[in-house]
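Asker: My structure is in upload_4.cif, and what it holds is mmCIF, N, CA and C atoms:
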data_data
loop_
_atom_site.label_atom_id
_atom_site.label_comp_id
_atom_site.auth_asym_id
_atom_site.auth_seq_id
_atom_site.Cartn_x
_atom_site.Cartn_y
_atom_site.Cartn_z
N GLN B 20 85.33 65.69 131.75
CA GLN B 20 86.31 66.75 131.53
C GLN B 20 87.07 66.47 130.24
N VAL B 21 87.27 67.50 129.44
CA VAL B 21 87.98 67.38 128.17
C VAL B 21 89.16 68.35 128.20
N GLN B 22 90.33 67.85 127.86
CA GLN B 22 91.50 68.72 127.73
C GLN B 22 91.84 68.88 126.26
N LEU B 23 92.10 70.11 125.85
CA LEU B 23 92.43 70.41 124.46
C LEU B 23 93.79 71.08 124.41
N VAL B 24 94.70 70.53 123.60
CA VAL B 24 96.04 71.08 123.46
C VAL B 24 96.30 71.38 121.99
N GLN B 25 96.55 72.62 121.69
CA GLN B 25 96.73 73.08 120.31
C GLN B 25 98.20 73.09 119.91
N SER B 26 98.40 72.95 118.58
CA SER B 26 99.73 73.11 118.00
C SER B 26 99.55 73.65 116.58
N GLY B 27 100.65 74.14 116.02
CA GLY B 27 100.60 74.70 114.68
C GLY B 27 100.49 76.21 114.73
N GLY B 28 100.14 76.79 113.60
CA GLY B 28 100.06 78.24 113.51
C GLY B 28 101.38 78.84 113.09
N GLY B 29 101.48 80.16 113.20
CA GLY B 29 102.70 80.87 112.83
C GLY B 29 102.42 82.00 111.87
N SER B 30 103.45 82.35 111.09
CA SER B 30 103.34 83.47 110.16
C SER B 30 103.49 82.98 108.73
N VAL B 31 102.75 83.60 107.82
CA VAL B 31 102.78 83.21 106.42
C VAL B 31 102.40 84.42 105.58
N GLN B 32 102.82 84.42 104.33
CA GLN B 32 102.40 85.49 103.43
C GLN B 32 101.03 85.18 102.85
N ALA B 33 100.35 86.22 102.41
CA ALA B 33 99.04 86.07 101.81
C ALA B 33 99.10 85.06 100.66
N GLY B 34 98.08 84.19 100.61
CA GLY B 34 98.04 83.14 99.62
C GLY B 34 98.64 81.83 100.09
N GLY B 35 99.32 81.87 101.23
CA GLY B 35 99.94 80.68 101.77
C GLY B 35 98.98 79.82 102.57
N SER B 36 99.56 78.76 103.16
CA SER B 36 98.75 77.79 103.91
C SER B 36 99.37 77.51 105.27
N LEU B 37 98.50 77.18 106.21
CA LEU B 37 98.91 76.72 107.53
C LEU B 37 97.94 75.64 107.99
N ARG B 38 98.40 74.79 108.91
CA ARG B 38 97.51 73.80 109.49
C ARG B 38 97.61 73.87 111.01
N LEU B 39 96.45 73.89 111.64
CA LEU B 39 96.34 73.88 113.10
C LEU B 39 95.88 72.50 113.55
N SER B 40 96.37 72.08 114.71
CA SER B 40 95.95 70.81 115.31
C SER B 40 95.47 71.04 116.73
N CYS B 41 94.57 70.17 117.17
CA CYS B 41 94.03 70.27 118.53
C CYS B 41 93.82 68.85 119.03
N ALA B 42 94.63 68.43 119.99
CA ALA B 42 94.53 67.09 120.54
C ALA B 42 93.58 67.09 121.73
N ALA B 43 92.61 66.21 121.69
CA ALA B 43 91.62 66.12 122.75
C ALA B 43 91.87 64.89 123.61
N ALA B 44 91.73 65.05 124.90
CA ALA B 44 91.94 63.93 125.82
C ALA B 44 91.03 64.10 127.04
N GLY B 45 90.85 62.99 127.77
CA GLY B 45 90.12 63.08 129.03
C GLY B 45 88.66 62.70 128.94
N TYR B 46 88.20 62.26 127.77
CA TYR B 46 86.80 61.85 127.66
C TYR B 46 86.75 60.42 127.12
N THR B 47 85.70 59.70 127.41
CA THR B 47 85.58 58.36 126.87
C THR B 47 84.17 58.18 126.31
N ASP B 48 84.15 57.70 125.10
CA ASP B 48 82.87 57.37 124.45
C ASP B 48 81.89 58.55 124.40
N SER B 49 82.41 59.75 124.42
CA SER B 49 81.53 60.91 124.33
C SER B 49 81.56 61.46 122.92
N ILE B 50 80.42 61.89 122.49
CA ILE B 50 80.33 62.53 121.19
C ILE B 50 80.54 64.02 121.39
N LEU B 51 81.44 64.56 120.59
CA LEU B 51 81.78 65.96 120.76
C LEU B 51 81.34 66.81 119.58
N CYS B 52 80.99 68.01 119.88
CA CYS B 52 80.87 69.06 118.90
C CYS B 52 82.16 69.86 119.05
N MET B 53 82.97 69.91 117.99
CA MET B 53 84.25 70.59 118.07
C MET B 53 84.29 71.71 117.04
N ALA B 54 84.96 72.78 117.42
CA ALA B 54 84.96 73.96 116.57
C ALA B 54 86.28 74.70 116.65
N TRP B 55 86.51 75.50 115.64
CA TRP B 55 87.59 76.47 115.65
C TRP B 55 86.99 77.86 115.70
N PHE B 56 87.50 78.66 116.59
CA PHE B 56 87.16 80.07 116.71
C PHE B 56 88.42 80.90 116.45
N ARG B 57 88.22 82.17 116.17
CA ARG B 57 89.35 83.09 116.09
C ARG B 57 88.96 84.43 116.68
N GLN B 58 89.99 85.13 117.14
CA GLN B 58 89.76 86.44 117.73
C GLN B 58 90.88 87.37 117.31
N ALA B 59 90.49 88.39 116.56
CA ALA B 59 91.42 89.42 116.13
C ALA B 59 91.43 90.55 117.16
N PRO B 60 92.50 91.34 117.22
CA PRO B 60 92.57 92.43 118.20
C PRO B 60 91.37 93.37 118.10
N GLY B 61 90.74 93.63 119.22
CA GLY B 61 89.62 94.54 119.26
C GLY B 61 88.31 93.98 118.75
N LYS B 62 88.29 92.69 118.42
CA LYS B 62 87.07 92.07 117.90
C LYS B 62 86.62 90.93 118.80
N GLU B 63 85.36 90.55 118.63
CA GLU B 63 84.82 89.44 119.39
C GLU B 63 85.32 88.11 118.81
N ARG B 64 85.32 87.10 119.65
CA ARG B 64 85.69 85.77 119.20
C ARG B 64 84.60 85.26 118.26
N GLU B 65 84.99 84.82 117.07
CA GLU B 65 84.02 84.36 116.09
C GLU B 65 84.28 82.91 115.70
N GLU B 66 83.18 82.22 115.42
CA GLU B 66 83.28 80.83 115.02
C GLU B 66 83.71 80.75 113.56
N VAL B 67 84.64 79.84 113.29
CA VAL B 67 85.17 79.68 111.94
C VAL B 67 84.63 78.41 111.29
N ALA B 68 84.65 77.31 112.03
CA ALA B 68 84.21 76.03 111.49
C ALA B 68 83.82 75.10 112.63
N VAL B 69 82.91 74.18 112.32
CA VAL B 69 82.40 73.23 113.32
C VAL B 69 82.36 71.84 112.71
N ILE B 70 82.63 70.84 113.53
CA ILE B 70 82.47 69.45 113.11
C ILE B 70 81.83 68.65 114.23
N TYR B 71 80.92 67.77 113.82
CA TYR B 71 80.25 66.88 114.76
C TYR B 71 80.99 65.54 114.69
N THR B 72 81.69 65.15 115.75
CA THR B 72 82.54 63.96 115.68
C THR B 72 81.73 62.69 115.54
N GLY B 73 80.44 62.75 115.88
CA GLY B 73 79.62 61.56 115.76
C GLY B 73 79.30 61.19 114.31
N GLY B 74 79.34 62.20 113.41
CA GLY B 74 79.01 61.91 112.02
C GLY B 74 79.96 62.50 111.02
N GLY B 75 80.75 63.49 111.45
CA GLY B 75 81.72 64.09 110.56
C GLY B 75 81.22 65.24 109.73
N SER B 76 79.95 65.59 109.86
CA SER B 76 79.43 66.72 109.09
C SER B 76 80.03 68.02 109.59
N THR B 77 80.12 68.98 108.69
CA THR B 77 80.82 70.22 109.00
C THR B 77 79.99 71.46 108.68
N TYR B 78 80.41 72.58 109.28
CA TYR B 78 79.82 73.89 109.01
C TYR B 78 80.95 74.89 108.95
N TYR B 79 80.84 75.86 108.02
CA TYR B 79 81.87 76.89 107.88
C TYR B 79 81.24 78.27 107.87
N ALA B 80 81.93 79.22 108.46
CA ALA B 80 81.54 80.61 108.31
C ALA B 80 81.76 81.04 106.86
N ASP B 81 80.94 81.95 106.38
CA ASP B 81 81.04 82.39 104.99
C ASP B 81 82.43 82.96 104.68
N SER B 82 83.06 83.58 105.66
CA SER B 82 84.34 84.23 105.43
C SER B 82 85.48 83.26 105.12
N VAL B 83 85.29 81.97 105.45
CA VAL B 83 86.37 81.00 105.22
C VAL B 83 85.94 79.87 104.31
N LYS B 84 84.69 79.84 103.92
CA LYS B 84 84.17 78.74 103.10
C LYS B 84 84.96 78.63 101.80
N GLY B 85 85.38 77.42 101.48
CA GLY B 85 86.16 77.19 100.26
C GLY B 85 87.66 77.35 100.46
N ARG B 86 88.07 77.90 101.60
CA ARG B 86 89.51 78.10 101.86
C ARG B 86 89.99 77.28 103.05
N PHE B 87 89.14 77.09 104.04
CA PHE B 87 89.50 76.34 105.24
C PHE B 87 88.80 74.99 105.24
N THR B 88 89.45 73.99 105.83
CA THR B 88 88.86 72.67 105.96
C THR B 88 89.05 72.18 107.38
N ILE B 89 87.94 71.84 108.04
CA ILE B 89 87.99 71.26 109.37
C ILE B 89 87.88 69.75 109.21
N SER B 90 88.67 69.01 109.99
CA SER B 90 88.62 67.56 109.90
C SER B 90 89.06 66.96 111.24
N GLN B 91 88.89 65.65 111.34
CA GLN B 91 89.28 64.95 112.55
C GLN B 91 90.11 63.73 112.18
N SER B 92 90.92 63.27 113.11
CA SER B 92 91.71 62.07 112.88
C SER B 92 90.79 60.85 112.89
N ASN B 93 91.30 59.75 112.38
CA ASN B 93 90.50 58.52 112.36
C ASN B 93 90.09 58.11 113.78
N ALA B 94 90.95 58.34 114.73
CA ALA B 94 90.63 58.01 116.12
C ALA B 94 89.72 59.04 116.76
N LYS B 95 89.44 60.12 116.02
CA LYS B 95 88.54 61.19 116.47
C LYS B 95 89.04 61.89 117.72
N ASN B 96 90.36 61.82 117.97
CA ASN B 96 90.87 62.51 119.15
C ASN B 96 91.75 63.70 118.79
N THR B 97 91.84 64.01 117.50
CA THR B 97 92.59 65.18 117.07
C THR B 97 91.79 65.94 116.04
N LEU B 98 91.69 67.22 116.24
CA LEU B 98 90.97 68.12 115.34
C LEU B 98 91.98 68.90 114.53
N TYR B 99 91.67 69.12 113.26
CA TYR B 99 92.56 69.87 112.39
C TYR B 99 91.82 71.05 111.75
N LEU B 100 92.58 72.07 111.39
CA LEU B 100 92.05 73.14 110.55
C LEU B 100 93.11 73.43 109.50
N GLN B 101 92.83 73.01 108.28
CA GLN B 101 93.71 73.32 107.15
C GLN B 101 93.27 74.66 106.57
N MET B 102 94.20 75.59 106.54
CA MET B 102 93.89 76.94 106.08
C MET B 102 94.69 77.23 104.82
N ASP B 103 93.98 77.39 103.70
CA ASP B 103 94.61 77.69 102.42
C ASP B 103 94.18 79.07 101.93
N SER B 104 94.92 79.58 100.96
CA SER B 104 94.62 80.90 100.39
C SER B 104 94.41 81.93 101.49
N LEU B 105 95.32 81.95 102.42
CA LEU B 105 95.17 82.85 103.57
C LEU B 105 95.24 84.30 103.17
N LYS B 106 94.47 85.12 103.89
CA LYS B 106 94.39 86.55 103.65
C LYS B 106 94.84 87.29 104.92
N PRO B 107 95.28 88.54 104.78
CA PRO B 107 95.67 89.31 105.97
C PRO B 107 94.55 89.40 107.01
N GLU B 108 93.31 89.42 106.54
CA GLU B 108 92.19 89.50 107.49
C GLU B 108 91.96 88.21 108.27
N ASP B 109 92.68 87.15 107.92
CA ASP B 109 92.62 85.92 108.71
C ASP B 109 93.53 85.99 109.94
N THR B 110 94.32 87.04 110.06
CA THR B 110 95.21 87.20 111.20
C THR B 110 94.41 87.28 112.49
N ALA B 111 94.74 86.40 113.44
CA ALA B 111 94.00 86.32 114.70
C ALA B 111 94.64 85.26 115.58
N ILE B 112 94.17 85.20 116.81
CA ILE B 112 94.47 84.05 117.66
C ILE B 112 93.37 83.02 117.40
N TYR B 113 93.77 81.81 117.12
CA TYR B 113 92.82 80.75 116.83
C TYR B 113 92.71 79.81 118.02
N TYR B 114 91.48 79.44 118.34
CA TYR B 114 91.19 78.58 119.46
C TYR B 114 90.38 77.37 119.00
N CYS B 115 90.69 76.19 119.53
CA CYS B 115 89.78 75.07 119.35
C CYS B 115 88.87 75.00 120.58
N ALA B 116 87.69 74.47 120.36
CA ALA B 116 86.69 74.41 121.42
C ALA B 116 85.90 73.12 121.28
N ALA B 117 85.32 72.67 122.39
CA ALA B 117 84.54 71.43 122.35
C ALA B 117 83.41 71.48 123.36
N ASN B 118 82.39 70.70 123.05
CA ASN B 118 81.28 70.52 123.96
C ASN B 118 80.74 69.11 123.75
N ILE B 119 80.31 68.46 124.82
CA ILE B 119 79.74 67.13 124.71
C ILE B 119 78.27 67.29 124.34
N VAL B 120 77.88 66.67 123.22
CA VAL B 120 76.51 66.83 122.72
C VAL B 120 75.90 65.47 122.43
N ARG B 121 74.57 65.47 122.23
CA ARG B 121 73.87 64.23 121.95
C ARG B 121 73.46 64.08 120.50
N SER B 122 73.54 65.19 119.73
CA SER B 122 73.11 65.09 118.33
C SER B 122 73.85 66.09 117.46
N GLY B 123 73.94 65.73 116.19
CA GLY B 123 74.54 66.65 115.24
C GLY B 123 73.70 67.89 115.05
N ALA B 124 72.37 67.70 115.07
CA ALA B 124 71.47 68.84 114.89
C ALA B 124 71.74 69.90 115.95
N TYR B 125 71.96 69.47 117.17
CA TYR B 125 72.25 70.44 118.24
C TYR B 125 73.63 71.04 118.05
N CYS B 126 74.56 70.23 117.62
CA CYS B 126 75.93 70.72 117.41
C CYS B 126 75.92 71.92 116.47
N TYR B 127 75.15 71.85 115.40
CA TYR B 127 75.18 72.91 114.39
C TYR B 127 74.43 74.16 114.80
N THR B 128 73.79 74.13 115.96
CA THR B 128 73.18 75.35 116.49
C THR B 128 74.14 76.14 117.36
N LEU B 129 75.30 75.56 117.66
CA LEU B 129 76.26 76.22 118.55
C LEU B 129 77.12 77.18 117.74
N ARG B 130 76.92 78.47 117.93
CA ARG B 130 77.57 79.48 117.11
C ARG B 130 78.44 80.45 117.91
N TYR B 131 78.30 80.46 119.22
CA TYR B 131 78.97 81.48 120.02
C TYR B 131 79.94 80.84 121.01
N ALA B 132 80.93 81.63 121.41
CA ALA B 132 81.93 81.14 122.35
C ALA B 132 81.28 80.63 123.64
N ALA B 133 80.22 81.28 124.07
CA ALA B 133 79.55 80.87 125.32
C ALA B 133 78.88 79.51 125.21
N ASP B 134 78.71 79.01 123.98
CA ASP B 134 78.09 77.70 123.78
C ASP B 134 79.05 76.55 124.05
N PHE B 135 80.36 76.85 124.13
CA PHE B 135 81.35 75.81 124.27
C PHE B 135 81.98 75.85 125.66
N VAL B 136 82.23 74.65 126.19
CA VAL B 136 82.70 74.51 127.57
C VAL B 136 84.22 74.39 127.65
N TYR B 137 84.79 73.64 126.71
CA TYR B 137 86.22 73.31 126.79
C TYR B 137 86.98 74.07 125.70
N TRP B 138 88.17 74.58 126.08
CA TRP B 138 88.93 75.42 125.16
C TRP B 138 90.41 75.05 125.14
N GLY B 139 91.01 75.18 123.96
CA GLY B 139 92.44 75.08 123.84
C GLY B 139 93.09 76.38 124.28
N GLN B 140 94.42 76.39 124.27
CA GLN B 140 95.16 77.53 124.81
C GLN B 140 95.30 78.68 123.80
N GLY B 141 94.95 78.45 122.56
CA GLY B 141 95.06 79.50 121.55
C GLY B 141 96.41 79.48 120.87
N THR B 142 96.41 79.84 119.57
CA THR B 142 97.66 79.92 118.82
C THR B 142 97.55 81.07 117.82
N GLN B 143 98.63 81.81 117.66
CA GLN B 143 98.63 82.98 116.81
C GLN B 143 98.83 82.58 115.35
N VAL B 144 98.01 83.16 114.49
CA VAL B 144 98.17 83.05 113.04
C VAL B 144 98.31 84.46 112.49
N THR B 145 99.40 84.72 111.80
CA THR B 145 99.65 86.04 111.23
C THR B 145 99.86 85.90 109.73
N VAL B 146 99.07 86.65 108.96
CA VAL B 146 99.16 86.62 107.50
C VAL B 146 99.58 88.01 107.02
N SER B 147 100.71 88.09 106.36
CA SER B 147 101.21 89.38 105.89
C SER B 147 100.89 89.55 104.40
N SER B 148 100.70 90.80 104.01
CA SER B 148 100.35 91.08 102.62
C SER B 148 101.58 91.25 101.75
#
Could you show the structure in this file as structure tokens?
Answerer:
Amino acid sequence: QVQLVQSGGGSVQAGGSLRLSCAAAGYTDSILCMAWFRQAPGKEREEVAVIYTGGGSTYYADSVKGRFTISQSNAKNTLYLQMDSLKPEDTAIYYCAANIVRSGAYCYTLRYAADFVYWGQGTQVTVSS
């Protein structure tokens, strides 16, 4: 069982920055595939970025590439999403998600919300123009 607790988020003007955090607990010696998703009103939940905690390699959706950075703490128990050059279209509820995996190759095939088992509570990010 993995528990995920999110913090951060809020409101910012376009071009600004925010950082989200997601503290993971309840697992031991497990390799996780961790991701950030977002869901805007009336839209499906979409994957934003993924990191494989076993190796640190990352994947980004084209819409955020070059602006967002996913990372993990040295202890690998906290996930971060640094969001720079924010745009109004980034406005959404952001969720962290995790799944216990055996390989990075498998981790990078996980693209949909249904692929992940454990979820944070969500945090609102609002970007005004």
Asker: Using only N, CA and C atoms, which residues sit within 8 Å of range 74-90 of chain B once same-chain residues fewer than 6 positions away are excluded, as a list in words?
Answerer: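 Selected residues are Ile50, Leu51, Trp55, Glu66, Val67, Ala68, Thr97, Leu98, Tyr99, Leu100, Gln101, Met102, Asp103, Ser104, Leu105, Ser122, Gly123 and Tyr127 of chain B.
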Asker: Taking the file as shown, what set of residues would the PyMOL selection byres (((chain B and resi 41 and name CA) around 8) and name CA) give back, as a PyMOL selection string?
Answerer: chain B and resi 23-26+39-40+42-43+97-99+115+139
Asker: Taking all atoms of range 34-43 of chain B that the file lists, what box with edges along x, y and z, padded by 4 Å per side, do you get, with centre and edge lengths in Å to one decimal, as JSON?
Answerer:
{"center_x": 95.8, "center_y": 74.5, "center_z": 111.6, "size_x": 16.3, "size_y": 27.3, "size_z": 32.0}
Asker: When the PyMOL selection byres ((chain B and resi 128-133) around 8) is applied to the structure above, which residues does it catch, written out as a list of chain:residue names?
Answerer: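 Selected by the PyMOL selection byres ((chain B and resi 128-133) around 8) in this file: B:Phe56, B:Arg64, B:Glu65, B:Glu66, B:Val67, B:Val69, B:Gly123, B:Ala124, B:Tyr125, B:Cys126, B:Tyr127, B:Asp134, B:Phe135, B:Val136.
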Asker: Could those residues be written to a file, using N, CA and C atoms, as a PDB file, in the coordinates of the input?
Answerer:
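Contents of result_3.pdb, as written:
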ATOM      1  N   PHE B  56      87.500  78.660 116.590  1.00  0.00           N
ATOM      2  CA  PHE B  56      87.160  80.070 116.710  1.00  0.00           C
ATOM      3  C   PHE B  56      88.420  80.900 116.450  1.00  0.00           C
ATOM      4  N   ARG B  64      85.320  87.100 119.650  1.00  0.00           N
ATOM      5  CA  ARG B  64      85.690  85.770 119.200  1.00  0.00           C
ATOM      6  C   ARG B  64      84.600  85.260 118.260  1.00  0.00           C
ATOM      7  N   GLU B  65      84.990  84.820 117.070  1.00  0.00           N
ATOM      8  CA  GLU B  65      84.020  84.360 116.090  1.00  0.00           C
ATOM      9  C   GLU B  65      84.280  82.910 115.700  1.00  0.00           C
ATOM     10  N   GLU B  66      83.180  82.220 115.420  1.00  0.00           N
ATOM     11  CA  GLU B  66      83.280  80.830 115.020  1.00  0.00           C
ATOM     12  C   GLU B  66      83.710  80.750 113.560  1.00  0.00           C
ATOM     13  N   VAL B  67      84.640  79.840 113.290  1.00  0.00           N
ATOM     14  CA  VAL B  67      85.170  79.680 111.940  1.00  0.00           C
ATOM     15  C   VAL B  67      84.630  78.410 111.290  1.00  0.00           C
ATOM     16  N   VAL B  69      82.910  74.180 112.320  1.00  0.00           N
ATOM     17  CA  VAL B  69      82.400  73.230 113.320  1.00  0.00           C
ATOM     18  C   VAL B  69      82.360  71.840 112.710  1.00  0.00           C
ATOM     19  N   GLY B 123      73.940  65.730 116.190  1.00  0.00           N
ATOM     20  CA  GLY B 123      74.540  66.650 115.240  1.00  0.00           C
ATOM     21  C   GLY B 123      73.700  67.890 115.050  1.00  0.00           C
ATOM     22  N   ALA B 124      72.370  67.700 115.070  1.00  0.00           N
ATOM     23  CA  ALA B 124      71.470  68.840 114.890  1.00  0.00           C
ATOM     24  C   ALA B 124      71.740  69.900 115.950  1.00  0.00           C
ATOM     25  N   TYR B 125      71.960  69.470 117.170  1.00  0.00           N
ATOM     26  CA  TYR B 125      72.250  70.440 118.240  1.00  0.00           C
ATOM     27  C   TYR B 125      73.630  71.040 118.050  1.00  0.00           C
ATOM     28  N   CYS B 126      74.560  70.230 117.620  1.00  0.00           N
ATOM     29  CA  CYS B 126      75.930  70.720 117.410  1.00  0.00           C
ATOM     30  C   CYS B 126      75.920  71.920 116.470  1.00  0.00           C
ATOM     31  N   TYR B 127      75.150  71.850 115.400  1.00  0.00           N
ATOM     32  CA  TYR B 127      75.180  72.910 114.390  1.00  0.00           C
ATOM     33  C   TYR B 127      74.430  74.160 114.800  1.00  0.00           C
ATOM     34  N   ASP B 134      78.710  79.010 123.980  1.00  0.00           N
ATOM     35  CA  ASP B 134      78.090  77.700 123.780  1.00  0.00           C
ATOM     36  C   ASP B 134      79.050  76.550 124.050  1.00  0.00           C
ATOM     37  N   PHE B 135      80.360  76.850 124.130  1.00  0.00           N
ATOM     38  CA  PHE B 135      81.350  75.810 124.270  1.00  0.00           C
ATOM     39  C   PHE B 135      81.980  75.850 125.660  1.00  0.00           C
ATOM     40  N   VAL B 136      82.230  74.650 126.190  1.00  0.00           N
ATOM     41  CA  VAL B 136      82.700  74.510 127.570  1.00  0.00           C
ATOM     42  C   VAL B 136      84.220  74.390 127.650  1.00  0.00           C
TER      43      VAL B 136
END
Asker: Running DSSP on the backbone, which parts of chain B land in strand (DSSP E), as a ChimeraX atom specification?
Answerer: /B:22-27,29-32,37-44,51-58,65-71,77-79,87-91,97-102,111-119,137-138,142-147
Asker: Please give the complete set of residues from range 102-134 of chain B that DSSP, run on the backbone, assigns to alpha helix (DSSP H), formatted as a list in words.
Answerer: Gly123, Ala124, Tyr125 and Cys126 of chain B
Asker: Find the distance between CA of Asp109 in chain B and CA of Val21 in chain B and write it in Å to one decimal.
Answerer: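 So the two atoms, CA of Asp109 in chain B and CA of Val21 in chain B, lie 27.3 Å apart.
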Asker: Kindly add N, CA, C and O atoms to the incomplete range 44-59 of chain B and provide the output as a short mmCIF file (atom, residue, chain, number, x, y, z; two decimals), in the frame of the given file.
Answerer:
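What ended up in part-v7.cif:
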data_model
loop_
_atom_site.label_atom_id
_atom_site.label_comp_id
_atom_site.auth_asym_id
_atom_site.auth_seq_id
_atom_site.Cartn_x
_atom_site.Cartn_y
_atom_site.Cartn_z
N ALA B 44 91.73 65.05 124.90
CA ALA B 44 91.94 63.93 125.82
C ALA B 44 91.03 64.10 127.04
O ALA B 44 90.47 65.18 127.26
N GLY B 45 90.85 62.99 127.77
CA GLY B 45 90.12 63.08 129.03
C GLY B 45 88.66 62.70 128.94
O GLY B 45 87.93 62.83 129.92
N TYR B 46 88.20 62.26 127.77
CA TYR B 46 86.80 61.85 127.66
C TYR B 46 86.75 60.42 127.12
O TYR B 46 87.65 59.99 126.42
N THR B 47 85.70 59.70 127.41
CA THR B 47 85.58 58.36 126.87
C THR B 47 84.17 58.18 126.31
O THR B 47 83.19 58.49 126.95
N ASP B 48 84.15 57.70 125.10
CA ASP B 48 82.87 57.37 124.45
C ASP B 48 81.89 58.55 124.40
O ASP B 48 80.68 58.34 124.36
N SER B 49 82.41 59.75 124.42
CA SER B 49 81.53 60.91 124.33
C SER B 49 81.56 61.46 122.92
O SER B 49 82.59 61.47 122.27
N ILE B 50 80.42 61.89 122.49
CA ILE B 50 80.33 62.53 121.19
C ILE B 50 80.54 64.02 121.39
O ILE B 50 79.91 64.64 122.24
N LEU B 51 81.44 64.56 120.59
CA LEU B 51 81.78 65.96 120.76
C LEU B 51 81.34 66.81 119.58
O LEU B 51 81.35 66.35 118.43
N CYS B 52 80.99 68.01 119.88
CA CYS B 52 80.87 69.06 118.90
C CYS B 52 82.16 69.86 119.05
O CYS B 52 82.44 70.39 120.13
N MET B 53 82.97 69.91 117.99
CA MET B 53 84.25 70.59 118.07
C MET B 53 84.29 71.71 117.04
O MET B 53 83.74 71.60 115.96
N ALA B 54 84.96 72.78 117.42
CA ALA B 54 84.96 73.96 116.57
C ALA B 54 86.28 74.70 116.65
O ALA B 54 87.06 74.52 117.59
N TRP B 55 86.51 75.50 115.64
CA TRP B 55 87.59 76.47 115.65
C TRP B 55 86.99 77.86 115.70
O TRP B 55 86.07 78.17 114.94
N PHE B 56 87.50 78.66 116.59
CA PHE B 56 87.16 80.07 116.71
C PHE B 56 88.42 80.90 116.45
O PHE B 56 89.52 80.40 116.54
N ARG B 57 88.22 82.17 116.17
CA ARG B 57 89.35 83.09 116.09
C ARG B 57 88.96 84.43 116.68
O ARG B 57 87.78 84.80 116.69
N GLN B 58 89.99 85.13 117.14
CA GLN B 58 89.76 86.44 117.73
C GLN B 58 90.88 87.37 117.31
O GLN B 58 92.05 87.16 117.64
N ALA B 59 90.49 88.39 116.56
CA ALA B 59 91.42 89.42 116.13
C ALA B 59 91.43 90.55 117.16
O ALA B 59 90.46 90.71 117.91
#
